[in-house]
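To be precise, the following lines are data_37.txt, and they hold compact mmCIF, C-alpha atoms (C1' of nucleotides).
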# COMPACT_ATOMS: atom_id res chain seq x y z
CA MET T 166 33.50 267.88 61.91
CA SER T 167 36.88 269.48 61.97
CA THR T 168 34.85 272.48 62.98
CA ALA T 169 37.22 273.46 65.75
CA ARG T 170 37.99 277.06 64.86
CA ARG T 171 41.63 277.68 65.03
CA PRO T 172 42.80 279.54 68.11
CA ARG T 173 42.67 283.28 68.00
CA ALA T 174 45.77 285.06 66.86
CA ASP T 175 46.08 287.24 69.94
CA ALA T 176 45.80 284.22 72.17
CA ARG T 177 48.59 282.48 70.37
CA ARG T 178 50.77 285.57 70.54
CA ASN T 179 50.20 286.07 74.26
CA TYR T 180 50.89 282.43 74.90
CA GLU T 181 54.29 282.70 73.27
CA ARG T 182 55.12 285.94 74.99
CA LEU T 183 54.25 284.46 78.35
CA LEU T 184 56.42 281.44 77.70
CA ALA T 185 59.38 283.59 76.72
CA GLU T 186 59.01 285.86 79.71
CA ALA T 187 58.54 282.94 82.09
CA ASP T 188 61.64 281.23 80.79
CA ALA T 189 63.69 284.34 81.41
CA ALA T 190 62.20 284.87 84.86
CA PHE T 191 62.60 281.28 85.99
CA ALA T 192 66.14 281.17 84.70
CA GLU T 193 67.03 284.33 86.54
CA ARG T 194 65.03 284.22 89.75
CA GLY T 195 64.21 280.56 90.05
CA ILE T 196 61.00 278.68 89.70
CA GLY T 197 59.31 280.71 92.39
CA ALA T 198 59.45 283.94 90.40
CA SER T 199 56.34 286.08 90.79
CA LEU T 200 53.68 285.25 88.24
CA GLU T 201 52.45 288.81 88.30
CA SER T 202 55.86 290.06 87.28
CA ILE T 203 55.90 287.54 84.45
CA ALA T 204 52.52 288.75 83.23
CA ARG T 205 53.72 292.35 83.48
CA GLY T 206 56.87 291.51 81.59
CA ALA T 207 54.83 289.87 78.85
CA GLY T 208 52.64 292.96 78.61
CA VAL T 209 49.55 291.08 79.62
CA ALA T 210 47.12 291.13 82.52
CA ILE T 211 47.46 288.58 85.28
CA GLY T 212 44.16 286.98 84.35
CA THR T 213 45.47 286.24 80.90
CA LEU T 214 48.37 284.34 82.34
CA TYR T 215 46.00 282.25 84.40
CA GLY T 216 43.85 281.73 81.36
CA HIS T 217 46.71 280.07 79.54
CA PHE T 218 48.38 278.39 82.48
CA PRO T 219 46.02 277.63 85.32
CA THR T 220 48.86 276.74 87.60
CA ARG T 221 52.53 277.42 88.01
CA ARG T 222 53.23 273.81 87.27
CA ALA T 223 51.39 274.00 83.98
CA LEU T 224 53.66 276.85 83.00
CA VAL T 225 56.76 274.94 83.97
CA GLY T 226 55.46 271.90 82.17
CA ALA T 227 54.94 273.84 78.96
CA LEU T 228 58.44 275.27 79.20
CA LEU T 229 59.94 271.87 79.74
CA ARG T 230 58.13 270.09 76.96
CA GLU T 231 60.83 270.61 74.34
CA ARG T 232 63.67 269.87 76.68
CA ASN T 233 61.91 266.72 77.76
CA GLU T 234 61.65 265.57 74.16
CA ALA T 235 65.37 265.95 73.71
CA LEU T 236 66.13 264.19 76.94
CA PHE T 237 63.93 261.23 76.16
CA GLU T 238 65.42 260.93 72.73
CA LEU T 239 68.85 260.70 74.31
CA GLY T 240 67.55 258.15 76.77
CA ASP T 241 66.07 255.95 74.09
CA ARG T 242 69.27 256.12 72.11
CA LEU T 243 71.33 255.15 75.12
CA VAL T 244 69.10 252.20 75.85
CA ALA T 245 69.17 251.08 72.23
CA ASP T 246 72.91 251.46 71.60
CA ASN T 247 74.15 250.87 75.13
CA PRO T 248 77.50 252.55 74.54
CA PRO T 249 80.21 252.46 77.21
CA GLY T 250 79.40 254.83 80.04
CA ALA T 251 75.75 255.01 79.05
CA LEU T 252 74.56 255.14 82.64
CA ALA T 253 76.93 257.93 83.59
CA THR T 254 75.91 259.92 80.53
CA TRP T 255 72.29 259.52 81.44
CA VAL T 256 72.80 260.56 85.05
CA ARG T 257 74.61 263.67 83.98
CA ALA T 258 71.98 264.57 81.42
CA VAL T 259 69.10 264.15 83.84
CA THR T 260 70.93 266.11 86.51
CA GLU T 261 71.49 268.97 84.16
CA HIS T 262 67.90 268.87 82.99
CA ALA T 263 66.62 268.97 86.54
CA SER T 264 68.68 272.06 87.26
CA THR T 265 67.36 274.07 84.34
CA TYR T 266 65.74 276.43 86.80
CA SER T 267 66.60 276.73 90.44
CA GLY T 268 63.93 274.97 92.44
CA LEU T 269 62.99 272.64 89.62
CA ALA T 270 64.65 269.58 91.11
CA ALA T 271 62.42 269.65 94.17
CA LEU T 272 59.36 270.15 92.01
CA LEU T 273 60.23 267.18 89.86
CA ALA T 274 61.04 265.00 92.84
CA GLY T 275 57.69 265.92 94.33
CA GLY T 276 56.02 265.16 91.03
CA LEU T 277 57.23 261.60 91.16
CA ASP T 278 54.37 260.51 93.36
CA ASP T 279 51.90 263.29 92.65
CA GLU T 280 49.61 261.64 90.15
CA ALA T 281 47.87 264.82 89.17
CA SER T 282 50.98 266.59 88.04
CA GLU T 283 51.63 267.17 84.39
CA LEU T 284 55.20 266.40 85.18
CA HIS T 285 54.36 263.02 86.59
CA GLU T 286 54.51 261.25 83.27
CA SER T 287 57.90 262.71 82.47
CA CYS T 288 59.22 261.65 85.84
CA LEU T 289 57.99 258.13 85.31
CA ARG T 290 59.60 257.98 81.93
CA MET T 291 62.92 259.19 83.27
CA ALA T 292 62.77 256.62 86.02
CA GLY T 293 61.98 253.94 83.47
CA THR T 294 64.97 254.80 81.34
CA GLY T 295 67.20 254.75 84.39
CA GLU T 296 65.84 251.37 85.30
CA ARG T 297 66.59 249.97 81.88
CA LEU T 298 70.10 251.36 81.83
CA VAL T 299 70.78 249.83 85.22
CA ALA T 300 69.55 246.49 83.95
CA LEU T 301 71.85 246.71 80.95
CA ALA T 302 74.85 247.65 83.06
CA ARG T 303 74.18 244.88 85.50
CA ALA T 304 73.85 242.40 82.71
CA SER T 305 77.23 243.44 81.38
CA GLY T 306 78.71 243.04 84.84
CA THR T 307 79.84 246.60 85.38
CA LEU T 308 77.45 247.30 88.25
CA ARG T 309 77.24 245.71 91.62
CA PRO T 310 74.29 243.37 91.72
CA ASP T 311 72.24 245.25 94.28
CA ALA T 312 72.14 248.42 92.22
CA THR T 313 68.62 249.54 91.31
CA GLY T 314 66.83 252.13 89.29
CA ALA T 315 65.88 253.86 92.51
CA ASP T 316 69.56 254.49 93.17
CA ILE T 317 69.75 256.38 89.92
CA THR T 318 66.66 258.41 90.67
CA ALA T 319 68.08 259.30 94.06
CA LEU T 320 71.46 260.18 92.65
CA THR T 321 70.10 262.49 89.99
CA THR T 322 67.75 264.16 92.45
CA ALA T 323 70.53 264.68 94.93
CA ALA T 324 72.95 265.96 92.34
CA ALA T 325 70.44 268.41 90.95
CA ALA T 326 69.73 269.74 94.43
CA LEU T 327 73.43 270.03 95.08
CA ARG T 328 73.90 272.08 91.95
CA GLU T 329 71.48 274.60 93.32
CA ASP T 330 72.59 274.61 96.91
CA LEU T 331 76.33 274.34 96.47
CA SER T 332 77.89 274.17 93.03
CA ALA T 333 77.96 272.25 89.80
CA ALA T 334 81.45 271.03 90.63
CA ALA T 335 80.30 269.52 93.91
CA ALA T 336 77.42 267.85 92.12
CA ASP T 337 79.67 266.35 89.47
CA ARG T 338 81.98 265.05 92.11
CA LEU T 339 79.10 263.46 93.99
CA VAL T 340 77.94 261.73 90.84
CA ALA T 341 81.41 260.39 90.18
CA LEU T 342 81.81 259.10 93.72
CA CYS T 343 78.42 257.47 93.73
CA LEU T 344 78.84 255.81 90.41
CA ASP T 345 82.14 254.56 91.71
CA GLY T 346 80.39 253.16 94.73
CA LEU T 347 77.90 251.49 92.45
CA ALA T 348 80.53 249.92 90.21
CA ARG T 349 81.25 246.26 90.60
CA ARG T 350 84.30 245.70 92.72
CA PRO T 351 86.99 244.02 90.66
CA MET K 262 80.09 297.65 134.41
CA SER K 263 78.02 294.54 134.73
CA THR K 264 75.07 296.89 134.89
CA ALA K 265 73.07 295.07 132.31
CA ARG K 266 69.73 294.66 134.04
CA ARG K 267 68.41 291.28 133.49
CA PRO K 268 65.67 291.06 130.87
CA ARG K 269 62.09 291.64 131.87
CA ALA K 270 60.07 288.66 132.85
CA ASP K 271 57.42 289.17 130.18
CA ALA K 272 60.08 289.45 127.53
CA ARG K 273 61.65 286.20 128.61
CA ARG K 274 58.28 284.48 128.66
CA ASN K 275 57.35 285.68 125.20
CA TYR K 276 60.75 284.68 123.92
CA GLU K 277 60.24 281.13 125.11
CA ARG K 278 56.71 280.94 123.82
CA LEU K 279 57.83 282.13 120.42
CA LEU K 280 60.58 279.56 120.31
CA ALA K 281 58.21 276.76 121.22
CA GLU K 282 55.62 277.82 118.69
CA ALA K 283 58.23 278.29 115.98
CA ASP K 284 59.67 274.87 116.61
CA ALA K 285 56.27 273.30 116.20
CA ALA K 286 55.47 275.33 113.10
CA PHE K 287 58.79 274.69 111.38
CA ALA K 288 58.61 271.01 112.19
CA GLU K 289 55.14 270.76 110.76
CA ARG K 290 55.08 273.15 107.85
CA GLY K 291 58.74 273.59 107.10
CA ILE K 292 61.06 276.49 107.56
CA GLY K 293 58.90 278.76 105.44
CA ALA K 294 56.00 278.71 107.88
CA SER K 295 54.25 282.03 108.23
CA LEU K 296 55.77 284.22 110.93
CA GLU K 297 52.42 285.85 111.57
CA SER K 298 50.89 282.49 112.34
CA ILE K 299 53.74 281.76 114.71
CA ALA K 300 53.17 285.02 116.53
CA ARG K 301 49.45 284.31 116.67
CA GLY K 302 50.11 280.84 118.02
CA ALA K 303 52.37 282.26 120.69
CA GLY K 304 49.65 284.74 121.68
CA VAL K 305 51.79 287.71 120.80
CA ALA K 306 51.66 290.54 118.28
CA ILE K 307 53.74 290.28 115.16
CA GLY K 308 55.88 293.22 116.23
CA THR K 309 56.90 291.34 119.34
CA LEU K 310 58.18 288.48 117.25
CA TYR K 311 60.28 290.88 115.21
CA GLY K 312 61.48 292.48 118.40
CA HIS K 313 62.99 289.23 119.54
CA PHE K 314 64.02 287.84 116.18
CA PRO K 315 64.70 290.49 113.58
CA THR K 316 64.87 287.92 110.85
CA ARG K 317 63.63 284.45 110.09
CA ARG K 318 67.19 283.24 110.19
CA ALA K 319 67.69 284.60 113.66
CA LEU K 320 64.72 282.55 114.78
CA VAL K 321 66.05 279.42 113.15
CA GLY K 322 69.46 280.11 114.62
CA ALA K 323 68.05 280.38 118.11
CA LEU K 324 66.16 277.13 117.67
CA LEU K 325 69.23 275.36 116.45
CA ARG K 326 71.58 276.56 119.14
CA GLU K 327 71.03 273.61 121.46
CA ARG K 328 71.10 271.06 118.71
CA ASN K 329 74.28 272.59 117.44
CA GLU K 330 75.89 272.22 120.82
CA ALA K 331 75.10 268.54 120.87
CA LEU K 332 76.32 268.06 117.34
CA PHE K 333 79.61 269.79 117.95
CA GLU K 334 80.15 267.81 121.08
CA LEU K 335 79.73 264.65 119.08
CA GLY K 336 82.09 265.98 116.45
CA ASP K 337 84.79 266.82 118.96
CA ARG K 338 84.48 263.43 120.54
CA LEU K 339 84.78 261.71 117.19
CA VAL K 340 87.86 263.70 116.31
CA ALA K 341 89.41 263.00 119.68
CA ASP K 342 88.66 259.30 119.89
CA ASN K 343 88.65 258.49 116.20
CA PRO K 344 86.66 255.28 116.63
CA PRO K 345 86.04 252.98 113.67
CA GLY K 346 83.42 254.42 111.34
CA ALA K 347 83.84 257.90 112.76
CA LEU K 348 83.42 259.58 109.41
CA ALA K 349 80.24 257.67 108.59
CA THR K 350 78.80 258.47 112.00
CA TRP K 351 79.54 262.12 111.49
CA VAL K 352 78.00 262.24 108.04
CA ARG K 353 74.83 260.63 109.30
CA ALA K 354 74.61 262.97 112.28
CA VAL K 355 75.07 266.09 110.19
CA THR K 356 72.58 264.88 107.63
CA GLU K 357 69.99 264.30 110.28
CA HIS K 358 70.70 267.67 111.86
CA ALA K 359 70.30 269.43 108.54
CA SER K 360 66.91 267.84 108.03
CA THR K 361 65.48 268.95 111.35
CA TYR K 362 63.04 271.17 109.47
CA SER K 363 62.14 270.87 105.85
CA GLY K 364 63.97 273.58 103.96
CA LEU K 365 66.74 273.84 106.50
CA ALA K 366 69.34 272.09 104.40
CA ALA K 367 69.16 274.70 101.67
CA LEU K 368 69.35 277.48 104.23
CA LEU K 369 72.45 275.99 105.81
CA ALA K 370 74.10 275.38 102.47
CA GLY K 371 73.42 278.98 101.55
CA GLY K 372 74.81 280.08 104.90
CA LEU K 373 78.12 278.50 104.10
CA ASP K 374 79.25 281.51 102.12
CA ASP K 375 76.93 284.14 103.53
CA GLU K 376 79.18 285.86 106.02
CA ALA K 377 76.40 287.79 107.70
CA SER K 378 74.42 284.77 108.69
CA GLU K 379 74.27 283.66 112.28
CA LEU K 380 74.46 280.19 110.92
CA HIS K 381 77.71 280.88 109.16
CA GLU K 382 79.86 280.06 112.13
CA SER K 383 78.09 276.77 112.70
CA CYS K 384 78.54 275.83 109.09
CA LEU K 385 82.22 276.58 109.25
CA ARG K 386 82.60 274.51 112.34
CA MET K 387 80.82 271.57 110.80
CA ALA K 388 83.01 271.82 107.75
CA GLY K 389 86.08 271.94 109.96
CA THR K 390 85.10 268.81 111.81
CA GLY K 391 84.50 267.03 108.52
CA GLU K 392 87.87 268.13 107.32
CA ARG K 393 89.59 266.77 110.40
CA LEU K 394 87.78 263.46 110.20
CA VAL K 395 88.77 263.08 106.57
CA ALA K 396 92.38 263.76 107.48
CA LEU K 397 92.26 261.11 110.17
CA ALA K 398 90.69 258.55 107.89
CA ARG K 399 93.18 259.24 105.17
CA ALA K 400 96.03 258.92 107.60
CA SER K 401 94.76 255.53 108.64
CA GLY K 402 94.51 254.48 105.02
CA THR K 403 90.80 253.83 104.85
CA LEU K 404 90.03 256.67 102.44
CA ARG K 405 91.20 257.17 98.93
CA PRO K 406 93.86 259.82 98.84
CA ASP K 407 91.95 262.40 96.86
CA ALA K 408 89.08 262.57 99.35
CA THR K 409 88.55 266.02 100.82
CA GLY K 410 86.49 267.81 103.41
CA ALA K 411 84.49 269.36 100.61
CA ASP K 412 83.34 265.90 99.61
CA ILE K 413 81.86 265.47 103.04
CA THR K 414 80.15 268.83 102.96
CA ALA K 415 78.69 268.00 99.59
CA LEU K 416 77.57 264.58 100.69
CA THR K 417 75.80 265.80 103.79
CA THR K 418 74.14 268.63 101.91
CA ALA K 419 72.95 266.29 99.20
CA ALA K 420 71.72 263.68 101.64
CA ALA K 421 69.80 266.25 103.65
CA ALA K 422 68.15 267.58 100.51
CA LEU K 423 67.31 264.06 99.45
CA ARG K 424 65.63 263.37 102.75
CA GLU K 425 63.27 266.22 102.08
CA ASP K 426 62.69 265.64 98.40
CA LEU K 427 62.55 261.87 98.33
CA SER K 428 62.92 259.82 101.50
CA ALA K 429 65.21 259.10 104.38
CA ALA K 430 65.88 255.65 102.98
CA ALA K 431 67.09 257.07 99.68
CA ALA K 432 69.32 259.48 101.55
CA ASP K 433 70.84 256.72 103.67
CA ARG K 434 71.50 254.66 100.61
CA LEU K 435 73.19 257.59 98.89
CA VAL K 436 75.43 258.10 101.88
CA ALA K 437 76.39 254.46 101.92
CA LEU K 438 77.17 254.42 98.22
CA CYS K 439 79.21 257.56 98.37
CA LEU K 440 81.22 256.51 101.37
CA ASP K 441 81.86 253.32 99.50
CA GLY K 442 83.08 255.32 96.55
CA LEU K 443 85.33 257.26 98.88
CA ALA K 444 86.82 254.19 100.51
CA ARG K 445 90.27 253.16 99.53
CA ARG K 446 90.20 250.41 96.98
CA PRO K 447 91.83 247.32 98.43
C1' DC S 237 54.02 304.32 144.83
C1' DG S 238 55.90 306.81 140.97
C1' DC S 239 58.98 306.72 137.09
C1' DT S 240 61.38 305.24 133.22
C1' DA S 241 63.47 302.16 130.21
C1' DA S 242 62.02 298.12 128.06
C1' DA S 243 58.69 295.66 125.72
C1' DC S 244 54.37 295.21 123.35
C1' DT S 245 50.85 296.41 120.02
C1' DG S 246 48.62 296.41 115.62
C1' DA S 247 47.46 299.44 111.79
C1' DG S 248 49.45 300.28 107.39
C1' DG S 249 52.02 300.08 103.04
C1' DG S 250 54.09 296.57 100.02
C1' DT S 251 53.95 292.31 97.28
C1' DG S 252 51.98 288.14 95.72
C1' DC S 253 48.21 284.59 94.80
C1' DC S 254 44.05 283.57 92.42
C1' DT S 255 39.07 284.43 90.88
C1' DC S 256 35.45 286.23 88.25
C1' DG S 257 32.16 289.36 85.96
C1' DA S 258 32.43 292.84 82.57
C1' DA S 259 34.63 294.58 78.38
C1' DA S 260 37.09 293.98 74.19
C1' DT S 261 38.55 291.58 70.14
C1' DT S 262 38.72 288.06 66.69
C1' DT S 263 36.59 284.96 63.57
C1' DA S 264 32.80 283.08 61.01
C1' DT S 265 28.87 283.99 58.31
C1' DC S 266 25.86 286.45 55.35
C1' DG F 231 31.46 295.30 55.12
C1' DA F 232 28.22 294.35 58.91
C1' DT F 233 26.84 291.47 62.55
C1' DA F 234 26.54 287.73 65.67
C1' DA F 235 28.88 284.37 68.46
C1' DA F 236 32.63 282.67 70.60
C1' DT F 237 36.85 283.51 72.56
C1' DT F 238 40.04 286.02 75.02
C1' DT F 239 41.48 289.77 77.84
C1' DC F 240 41.27 292.82 81.60
C1' DG F 241 42.03 294.28 86.28
C1' DA F 242 39.72 295.20 90.62
C1' DG F 243 39.11 292.72 94.83
C1' DG F 244 39.60 289.42 98.62
C1' DC F 245 42.96 287.03 101.07
C1' DA F 246 47.61 285.97 103.13
C1' DC F 247 52.09 287.33 104.19
C1' DC F 248 56.15 290.50 105.09
C1' DC F 249 58.06 294.08 107.80
C1' DT F 250 58.08 298.84 110.16
C1' DC F 251 57.22 302.24 113.55
C1' DA F 252 54.66 305.60 116.44
C1' DG F 253 52.02 305.19 120.27
C1' DT F 254 50.79 302.58 124.47
C1' DT F 255 51.53 299.47 128.22
C1' DT F 256 54.15 297.37 131.93
C1' DA F 257 57.81 295.46 134.90
C1' DG F 258 60.65 296.47 138.40
C1' DC F 259 63.96 299.80 140.58
C1' DG F 260 64.34 303.32 144.12
Could I get this structure in the form of structure tokens?
Amino acid sequence: MSTARRPRADARRNYERLLAEADAAFAERGIGASLESIARGAGVAIGTLYGHFPTRRALVGALLRERNEALFELGDRLVADNPPGALATWVRAVTEHASTYSGLAALLAGGLDDEASELHESCLRMAGTGERLVALARASGTLRPDATGADITALTTAAAALREDLSAAAADRLVALCLDGLARRP
Amino acid sequence: MSTARRPRADARRNYERLLAEADAAFAERGIGASLESIARGAGVAIGTLYGHFPTRRALVGALLRERNEALFELGDRLVADNPPGALATWVRAVTEHASTYSGLAALLAGGLDDEASELHESCLRMAGTGERLVALARASGTLRPDATGADITALTTAAAALREDLSAAAADRLVALCLDGLARRP
DNA sequence: CGCTAAACTGAGGGTGCCTCGAAATTTATC
DNA sequence: GATAAATTTCGAGGCACCCTCAGTTTAGCG
């Protein structure tokens, strides 16, 4: 066994180049950037891009993998330590993550119920963390009792969209207002 | 003067057909629906479509004209009468308006600072109405003092986006929470 | 009717998506 | 090294869409 030859060197190189180019393109022109231009920029034929990433989503997924790691680590820490303002920290982190590239928020939101998506698992995990943080906050009496994890999902989705459509400031303000609305009335 | 001949009958007919077909297409497939398919559906060559509507935005603008009228009428009435819950009514109305077609919310948000857009004027007017309603509510002491018209713009934009990305229920909930956050603490 | 401005047409040049058979290159083996 | 096998790359090609513009048609006035 163990006979799996290791991947060819050129393949590995092209893979990395494509990732780098895609990151730049998505950051600059949004998640809808032309795949052909990405291939061109990576000095590779379009077929090669499709060989590595059969779909645009696969490409986005690969790019997000690292960021997702970091985000989930933060989430786990917040759940474990439950520091003051944990929920707000989480909402802000997710919002920022979902606005990495313009257009990403919608893609992620869509991925929430699209089973086939590579991003589906990540979405579920984010939702789960939100859920747990809400439970903690409610238990400590800082949230109104009808607050749910779905509220957090909605808030982060909305805030991420707002960042793209309007401004980061507007999004931050929305988050603050909403969290205020969610807080337990004294 | 006054010599402007009235438009040819065929032109008028094609104009109406295009509008009808575009409304159906945008409603069904979102604001990015193919213009060629719209022309086809209207039984007209693609050049004719461009003759009437030089840009996709012009087409959307024409479709929205009537709806805009109705919305502004409501807005003026709310400002004039200032009934209880005026602000909430307005927010819900604008949100619904901005989700007429999927993708419209982003277009409108973009139009807010794009001077050239036909939609620019409408956006300004909506913002103005929001502003006035906020002023009224603040004067009557039902809003916290740091609430602004921009908050309302942000909220409606976010809620409209949420309707598209998640669900109308989530959007409604967000609106409720935010308005709650904006209410004056007793 | 005939005329003319107005309106319509649709081919054509770009760009982008995605597929697939042929060609090239790397790795393993002798 | 040489060679065989597997892997990867290449890019033309079919399809859809965007938008323009020169040539053609047509409504409606006189």
Chain T residues near chain S (8 Å cut-off, all atoms listed in the file) as a PDB file with C-alpha atoms, in the frame of the given file:
ATOM      1  CA  ARG T 173      42.670 283.280  68.000  1.00  0.00           C
ATOM      2  CA  ALA T 174      45.770 285.060  66.860  1.00  0.00           C
ATOM      3  CA  SER T 199      56.340 286.080  90.790  1.00  0.00           C
ATOM      4  CA  GLU T 201      52.450 288.810  88.300  1.00  0.00           C
TER       5      GLU T 201
END
For segment 231-238 of chain F, I'd like the enclosing box, axis-aligned and padded by 6 Å on every side, reported as JSON with centre and edge lengths in Å to one decimal.
{"center_x": 33.3, "center_y": 289.0, "center_z": 65.1, "size_x": 25.5, "size_y": 24.6, "size_z": 31.9}
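When atom CA of Gly291 of chain K is paired with atom CA of Gly364 of chain K, their separation reads 6.1 Å.
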Handout entry: Contact residues (chain K, partner chain F, 10 Å, all atoms listed in the file) as a ChimeraX atom specification
Key = /K:268-272,295-298,307-308,311,315-316
Using only C-alpha atoms, what does the table of chain T residues within 6 Å of chain K look like, with each row giving the shortest atom pair and its distance in Å to one decimal, sorted by chain and ascending number, as JSON lines?
{"residue": "T:Ala271", "atom": "CA", "partner": "K:Asp426", "partner_atom": "CA", "distance": 5.8}
{"residue": "T:Ala274", "atom": "CA", "partner": "K:Asp426", "partner_atom": "CA", "distance": 5.8}
{"residue": "T:Ala323", "atom": "CA", "partner": "K:Ala419", "partner_atom": "CA", "distance": 5.2}
{"residue": "T:Leu327", "atom": "CA", "partner": "K:Ala419", "partner_atom": "CA", "distance": 5.6}
{"residue": "T:Asp330", "atom": "CA", "partner": "K:Ala370", "partner_atom": "CA", "distance": 5.8}
{"residue": "T:Leu342", "atom": "CA", "partner": "K:Gly442", "partner_atom": "CA", "distance": 4.9}
{"residue": "T:Cys343", "atom": "CA", "partner": "K:Cys439", "partner_atom": "CA", "distance": 4.7}
{"residue": "T:Asp345", "atom": "CA", "partner": "K:Gly442", "partner_atom": "CA", "distance": 5.0}
{"residue": "T:Gly346", "atom": "CA", "partner": "K:Gly442", "partner_atom": "CA", "distance": 3.9}
Exercise for the section: First superpose chain T onto chain K using a least-squares fit over all Cα atoms taken in order; then report the RMSD in Å. Expected result: 0.3 Å
Practice task
Enter the distance from atom CA of Leu228 of chain T to atom CA of Val256 of chain T, in Å, rounded to one decimal.
Solution key: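 Here the two named atoms are 21.4 Å from each other.
The gap separating atom CA of Asp433 of chain K from atom CA of Glu286 of chain T is 26.5 Å, in Å to one decimal.
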Handout entry: Exercise: Ala288 of chain K partners within 12 Å, all atoms listed in the file, chain neighbours under 5 positions left out, as a list in words
Key = Leu280, Ala281, Glu282, Ala283, Gly293, Ala294, Val321, Leu324, Ser360, Thr361, Tyr362, Ser363, Gly364 and Leu365 of chain K
Residues from the last selection, C-alpha atoms, saved as a PDB file, in the frame of the given file:
ATOM      1  CA  LEU K 280      60.580 279.560 120.310  1.00  0.00           C
ATOM      2  CA  ALA K 281      58.210 276.760 121.220  1.00  0.00           C
ATOM      3  CA  GLU K 282      55.620 277.820 118.690  1.00  0.00           C
ATOM      4  CA  ALA K 283      58.230 278.290 115.980  1.00  0.00           C
ATOM      5  CA  GLY K 293      58.900 278.760 105.440  1.00  0.00           C
ATOM      6  CA  ALA K 294      56.000 278.710 107.880  1.00  0.00           C
ATOM      7  CA  VAL K 321      66.050 279.420 113.150  1.00  0.00           C
ATOM      8  CA  LEU K 324      66.160 277.130 117.670  1.00  0.00           C
ATOM      9  CA  SER K 360      66.910 267.840 108.030  1.00  0.00           C
ATOM     10  CA  THR K 361      65.480 268.950 111.350  1.00  0.00           C
ATOM     11  CA  TYR K 362      63.040 271.170 109.470  1.00  0.00           C
ATOM     12  CA  SER K 363      62.140 270.870 105.850  1.00  0.00           C
ATOM     13  CA  GLY K 364      63.970 273.580 103.960  1.00  0.00           C
ATOM     14  CA  LEU K 365      66.740 273.840 106.500  1.00  0.00           C
TER      15      LEU K 365
END
Problem - Which residue of K:Ala398, K:Ala347, K:Ala285, K:Ala331 approaches Ser383 of chain K most closely, using only C-alpha atoms - result: K:Ala331
Your completed segment 240-253 of chain T with N, CA and C atoms, as a tab-separated table (two decimals), in the coordinates of the input:
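Saved the output as out.tsv:
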chain	number	residue	atom	x	y	z
T	240	GLY	N	67.74	259.35	75.96
T	240	GLY	CA	67.55	258.15	76.77
T	240	GLY	C	67.28	256.93	75.90
T	241	ASP	N	66.40	257.08	74.95
T	241	ASP	CA	66.07	255.95	74.09
T	241	ASP	C	67.30	255.49	73.32
T	242	ARG	N	68.07	256.46	72.87
T	242	ARG	CA	69.27	256.12	72.11
T	242	ARG	C	70.24	255.34	72.99
T	243	LEU	N	70.40	255.82	74.20
T	243	LEU	CA	71.33	255.15	75.12
T	243	LEU	C	70.89	253.71	75.38
T	244	VAL	N	69.61	253.55	75.59
T	244	VAL	CA	69.10	252.20	75.85
T	244	VAL	C	69.31	251.31	74.63
T	245	ALA	N	69.06	251.88	73.46
T	245	ALA	CA	69.17	251.08	72.23
T	245	ALA	C	70.62	250.71	71.93
T	246	ASP	N	71.51	251.69	72.01
T	246	ASP	CA	72.91	251.46	71.60
T	246	ASP	C	73.77	250.91	72.73
T	247	ASN	N	73.37	251.27	73.96
T	247	ASN	CA	74.15	250.87	75.13
T	247	ASN	C	75.65	251.05	74.95
T	248	PRO	N	76.07	252.26	74.69
T	248	PRO	CA	77.50	252.55	74.54
T	248	PRO	C	78.18	252.50	75.90
T	249	PRO	N	79.50	252.45	75.92
T	249	PRO	CA	80.21	252.46	77.21
T	249	PRO	C	79.89	253.76	77.96
T	250	GLY	N	79.69	253.64	79.23
T	250	GLY	CA	79.40	254.83	80.04
T	250	GLY	C	78.00	255.36	79.85
T	251	ALA	N	77.11	254.54	79.32
T	251	ALA	CA	75.75	255.01	79.05
T	251	ALA	C	75.08	255.52	80.33
T	252	LEU	N	75.22	254.77	81.39
T	252	LEU	CA	74.56	255.14	82.64
T	252	LEU	C	75.06	256.49	83.14
T	253	ALA	N	76.36	256.67	83.13
T	253	ALA	CA	76.93	257.93	83.59
T	253	ALA	C	76.44	259.09	82.72
